[in-house]
Every structure is written in structure tokens, then in C-alpha cells.
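Trainee: Questions regarding the structure given below will be posed in turn.
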Amino acid sequence: MLTITIGKVARAVGRRLGRGSVLPGRIALALDRHLLAKFTLPAVVIAITGSGGKTTTSSLLRDAASNAGLKVVSNAEGSNMAPGIATALIQASDRHGRVPGDVAILECEERHCQYLFPDLRPGFVVITNLSRDQVARNGYPQFVAGEIAKALTPAMTLLLNVDDPLVNALGRDGRVIPFSVEADALREPAGVPHRADDSLCPNCGLALDYDYRIIGNLGRYHCGHCGYQAPAPQHSVSAVVGTELVIDDDYRAAPQIMNPAFAYNILAAYVGLVEAMGVTPQAAADGLTHKDVKNALQDRVMTFQMGEHRGVFLLSKHENTLTYNVSLRTIADSAERGYTLGVMLHRVSRKYFAGDVSWLWDIDWEVLAKNPPAKVLLGGRFANDIAVRLVAAGIDQDIIEVDLSLDGYMDLLRRQSQGTIFFLTGFEDIDQFTSRLRKDEQ
Ligand SMILES: [Zn+2]
């Protein structure tokens, strides 16, 4: 317990130094490697992991659980590795390491689950999806699936997005609650090429056949060779009515934005509320539609003004095919004719230097053929790489303009945009864009 006290002191010091996020946890873990096992956690511990949607799902769960009257502890402010989780628990606990509350909602980095779970012993594990994400750092989804598998025990109840064939394969041992997005309205139109995510059967390694896809590798699949397929889901988004998702045929939740990624996030949070926290389905759906929950999603899609042009900002993740595919589909489905597509790629990663942009070729830019832009403006160090990819995807070369410098790119957007600007970039570059936008407004 001394370590927890030292952690609390480190937190107080860290705050004064202005770096409160993971320092206390890092110090305390250096003193006790198994610090996380020393806390007395709330009765319900739910871990959220996967390649994408962890943060959004965790934030939805946290807000909806609070709205349903539960007291929640989470690592919302810190990182999703041991130091961030330790810092959050140090902050929430008393001197004896007791963490009060009804539920601990812990976002866990997918390759670190094997180190976190033996000490945290989550009773419930939500797995969102496994798609290509930061290949230079994470390797392939099949590898990540193997890393997660090392962390799972039969004592855990697994809440699995079984639309993902690799996630489904993790459910072989222990209790599984499968969930799925089935709504017709969210299905991907046929004919989208899947360069990266044409999934292989986790059982026999041959290509899977899809009845339909929701997005990327997520959908209804079966293996023509060995018969591998997902079980019938216990919970599903069964339809879309107006601006609402219909869950389990009876309950309505209104996402801030209607797209397949949010449908999965909302459904995962709903399943967590109902299955892990004992919230009634109605209260779960209501909790997920509450205005505080909507605010939690606001930073993913923002609007801005650039001179006379309205801008719609769609935040994606560099090196992550799925997030770009969701953003592009939103544009293809919702942009009015005569719009401008802006894409900025300057820094590939915040974590390491990476000059590899081969992932641009995995993204389904081809969906833009359905609703092509009038103008394409590309910025940042890797703007020419995007240009080459877009020409290969059938975009007319004559409508593309490029500026490698960020200040020059802002000028380009101001001078050359037509109609609404749909602007895409990653977490890694967002600050560069928004700080220049703010300077503009002053
Ligand atoms: Zn097979």
C-alpha cells in the first residue's frame, strides 16, 4: 500500500510540473511491477480492447453508465497501457488501494492485454475489431489476435463483435456474448474493392465468402472450405429508422452521426451496459442517446468555416484503413455535388518516425467514384503520395492540387476550394490544422 501512497504523492508533484498523465503510474510501477493487482477494484471490471473504436466505446460506456446512475472509474484521461491505468487507479483509490464505485471501465491497448489482465482480472472483455492499424508498430491483425488470445481466460465473459472473423475466433474458450450489426441501411454497397481487408478464414486460411459487408472486413461471412462462421448474435443493430439505430428489434438509440463505425461503438456499449452492468435494455438505449453522450463524440466530426466555405472535418487515424474507409463513405453518401476533398498527411505517427505510406493503397478511395469531388486539395509532406493514389482510384488528375508546406496548404484551401470542404486527416496531424485555422479566425 506504500506504493499507492507514493503514487499519490507523485501525482501531486506531477500536477505541479504539468505532466500528470502517466508519471505517477510509471513511478509506482517501477517500485511494484504488480501494482495493478494491489487495488481492490469495483465489483464489475470491464476491459475494452481492439484495433479501432476503443476510446469511443469506452467513452460511450462511461457516459451512459453515469447517466444510468452508476459510479464509474476509468482511465479516460490517461493512456491505455499500464502507467495510464495505474495513474487512474491511484487517483481514484483511497490509501488502502480500495477503488470505490460500481464499475471500472478500462480501455486496454490490444498488445498489452496479456500484461494487464493477469493483474486487473476483468470479468468482462469487449473486443471491438481487429483491422490493420499502424502496421509498423503492431504487425498484422492476425498477430494482434494472437497477442490478445494470450490474455484471455475462461473466467472472463467475452463481449465479441463477431462480424469480425478474427474477433469471433477469440471466443473459443469461456462464455461469449456475440454481437453484430445487421441493418440493411448500414451495409456496404457491392463492388468496393478490398485490397487489404479481404479476410482469410482464421481456421483454415482460405478466403472467406461474404453475404454482405458492413465496413471493411466486418460483415456476414462463411468459409466455403471448412464451414467457419459466426454464431447467431445475442445482440444486434437490426435496423435504422430515421436517425435512430434499432437495437434488438425493440430499443432505439440515436447516434450523433449515422455511420457503421458508430453503430458498432453504440452496440458494443449497449451490450456492456446490459450484460456486464445489469442495466435494463431501455435504460441502456436511453443512456446512449443522452445529450452528455453526444458531447463525448463531438471531436470526431467538426464543422469549420474557411472564408466563404463551410468545412466538415472528419477525424481519421493515419495507418488505419478502417477509419479512412468510414470517413470516405460518409463523404460519398452525404456530400452535395461540387464539393472539395481536402486531405492532409504530414506526420504519419506521433509515436515513431515513419515514412511508410503504403497503407494509403489499402484505403478504398474508389468509393468516391459514386460521388466525385469537384476539387481535390492535398497538403503536407506526403501530399504527392496521396495524389498518386487518388489518380489510381480514378480521380481526374486535373482537379488535384498539392502543397507540401502546411502554411502553403492553408492558402491553397482558401484560394482553390469549391463548395463545401470535406477535410480528412489523422489524430497525428489534427493540431497542425486546427492551430492554423484558429490563427486564421483571429
Ligand atoms: Zn475455413
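In the C-alpha cells, the first chain shown is A, the next is B, and so on; residue numbers restart at 1 for each chain, and ligands run from 1 in the order shown.
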List all protein, DNA and RNA residues that have any atom at most 10 Å from ligand 1, counting only C-alpha atoms and all ligand atoms, and write the list as a ChimeraX atom specification.
Mentor: /A:200-209,222-229
Trainee: Residues as selected, C-alpha atoms, written as a short mmCIF file (atom, residue, chain, number, x, y, z; two decimals), in the first residue's frame, can you do that?
Mentor:
```cif
data_model
loop_
_atom_site.label_atom_id
_atom_site.label_comp_id
_atom_site.auth_asym_id
_atom_site.auth_seq_id
_atom_site.Cartn_x
_atom_site.Cartn_y
_atom_site.Cartn_z
CA LEU A 200 -8.93 -15.07 -44.62
CA CYS A 201 -10.55 -17.80 -42.58
CA PRO A 202 -8.91 -17.88 -39.12
CA ASN A 203 -9.48 -21.62 -39.08
CA CYS A 204 -8.11 -22.86 -42.41
CA GLY A 205 -6.54 -19.77 -44.00
CA LEU A 206 -8.59 -19.72 -47.22
CA ALA A 207 -10.57 -16.70 -48.39
CA LEU A 208 -13.91 -16.14 -46.69
CA ASP A 209 -17.11 -15.57 -48.67
CA HIS A 222 -18.63 -18.01 -44.02
CA CYS A 223 -15.82 -20.27 -45.12
CA GLY A 224 -16.72 -22.42 -48.12
CA HIS A 225 -13.90 -24.79 -47.26
CA CYS A 226 -14.20 -25.58 -43.53
CA GLY A 227 -17.58 -24.05 -42.65
CA TYR A 228 -16.23 -21.41 -40.26
CA GLN A 229 -18.84 -18.75 -39.50
#
```
Trainee: Could you give me, as a tab-separated table, every segment 29-59 of chain A residue with an atom at most 6 Å from segment 120-125 of chain A, plus its closest atom pair and distance in Å to one decimal, counting only C-alpha atoms, rows ordered by chain then number?
Mentor:
```
residue	atom	partner	partner_atom	distance
A:Ala37	CA	A:Leu120	CA	5.9
A:Val45	CA	A:Pro122	CA	4.8
A:Ile46	CA	A:Phe124	CA	4.7
A:Ala47	CA	A:Val125	CA	4.8
A:Ile48	CA	A:Val125	CA	5.9
```
Trainee: So which residues touch Ala64 of chain A within 9 Å, counting only C-alpha atoms, skipping near sequence neighbours fewer than 3 positions away, as a ChimeraX atom specification?
Mentor: /A:59-61,67-70,269-270,273,283-290,292-293
Trainee: Just the number, please: distance in Å from atom CA of Val271 of chain A to atom CA of Leu159 of chain A, one decimal.
Mentor: 7.4 Å
Trainee: Neighbours of Val135 of chain A within 9 Å (only C-alpha atoms; same-chain residues fewer than 5 positions away dropped), as JSON, numbers by chain?
Mentor: {"A": [140, 141, 319, 320, 359]}
Trainee: Determine, counting only C-alpha atoms, which protein, DNA and RNA residues have an atom within 8 Å of an atom of Val312 of chain A; residues of the same chain fewer than 6 positions away are not included. Present the result as a list in words.
Mentor: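 Listing them by chain and then by number gives Val301, Met302, Thr303, Phe304, Thr420, Ile421, Phe422 and Phe423 of chain A.
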Trainee: Within segment 209-323 of chain A, find each residue whose DSSP state, derived from the backbone, is alpha helix (DSSP H), and express the selection as a PyMOL selection string.
Mentor: chain A and resi 260-271+281-289+291-296+321-323
Trainee: Go ahead and dump the residues you just picked, C-alpha atoms, as a tab-separated table (two decimals), in the first residue's frame.
Mentor:
```tsv
chain	number	residue	atom	x	y	z
A	260	PRO	CA	-21.29	1.93	-39.47
A	261	ALA	CA	-18.40	2.64	-37.09
A	262	PHE	CA	-20.63	4.48	-34.64
A	263	ALA	CA	-23.23	1.74	-34.96
A	264	TYR	CA	-20.62	-0.78	-33.77
A	265	ASN	CA	-19.46	1.52	-30.96
A	266	ILE	CA	-23.00	2.16	-29.75
A	267	LEU	CA	-23.87	-1.53	-29.91
A	268	ALA	CA	-20.70	-2.53	-28.02
A	269	ALA	CA	-21.53	-0.01	-25.29
A	270	TYR	CA	-25.14	-1.21	-25.15
A	271	VAL	CA	-24.02	-4.83	-24.73
A	281	PRO	CA	-32.10	-2.53	-22.30
A	282	GLN	CA	-34.37	0.51	-22.27
A	283	ALA	CA	-32.16	2.41	-19.82
A	284	ALA	CA	-29.08	1.44	-21.84
A	285	ALA	CA	-30.58	2.77	-25.08
A	286	ASP	CA	-31.75	5.93	-23.31
A	287	GLY	CA	-28.38	6.40	-21.65
A	288	LEU	CA	-26.66	6.16	-25.04
A	289	THR	CA	-28.96	8.81	-26.52
A	291	LYS	CA	-27.08	14.66	-24.61
A	292	ASP	CA	-23.94	14.19	-22.49
A	293	VAL	CA	-23.08	11.15	-24.56
A	294	LYS	CA	-23.39	13.09	-27.77
A	295	ASN	CA	-20.93	15.64	-26.49
A	296	ALA	CA	-18.40	12.90	-25.95
A	321	THR	CA	-7.61	1.66	-43.19
A	322	LEU	CA	-10.92	1.25	-41.42
A	323	THR	CA	-11.18	4.83	-40.08
```
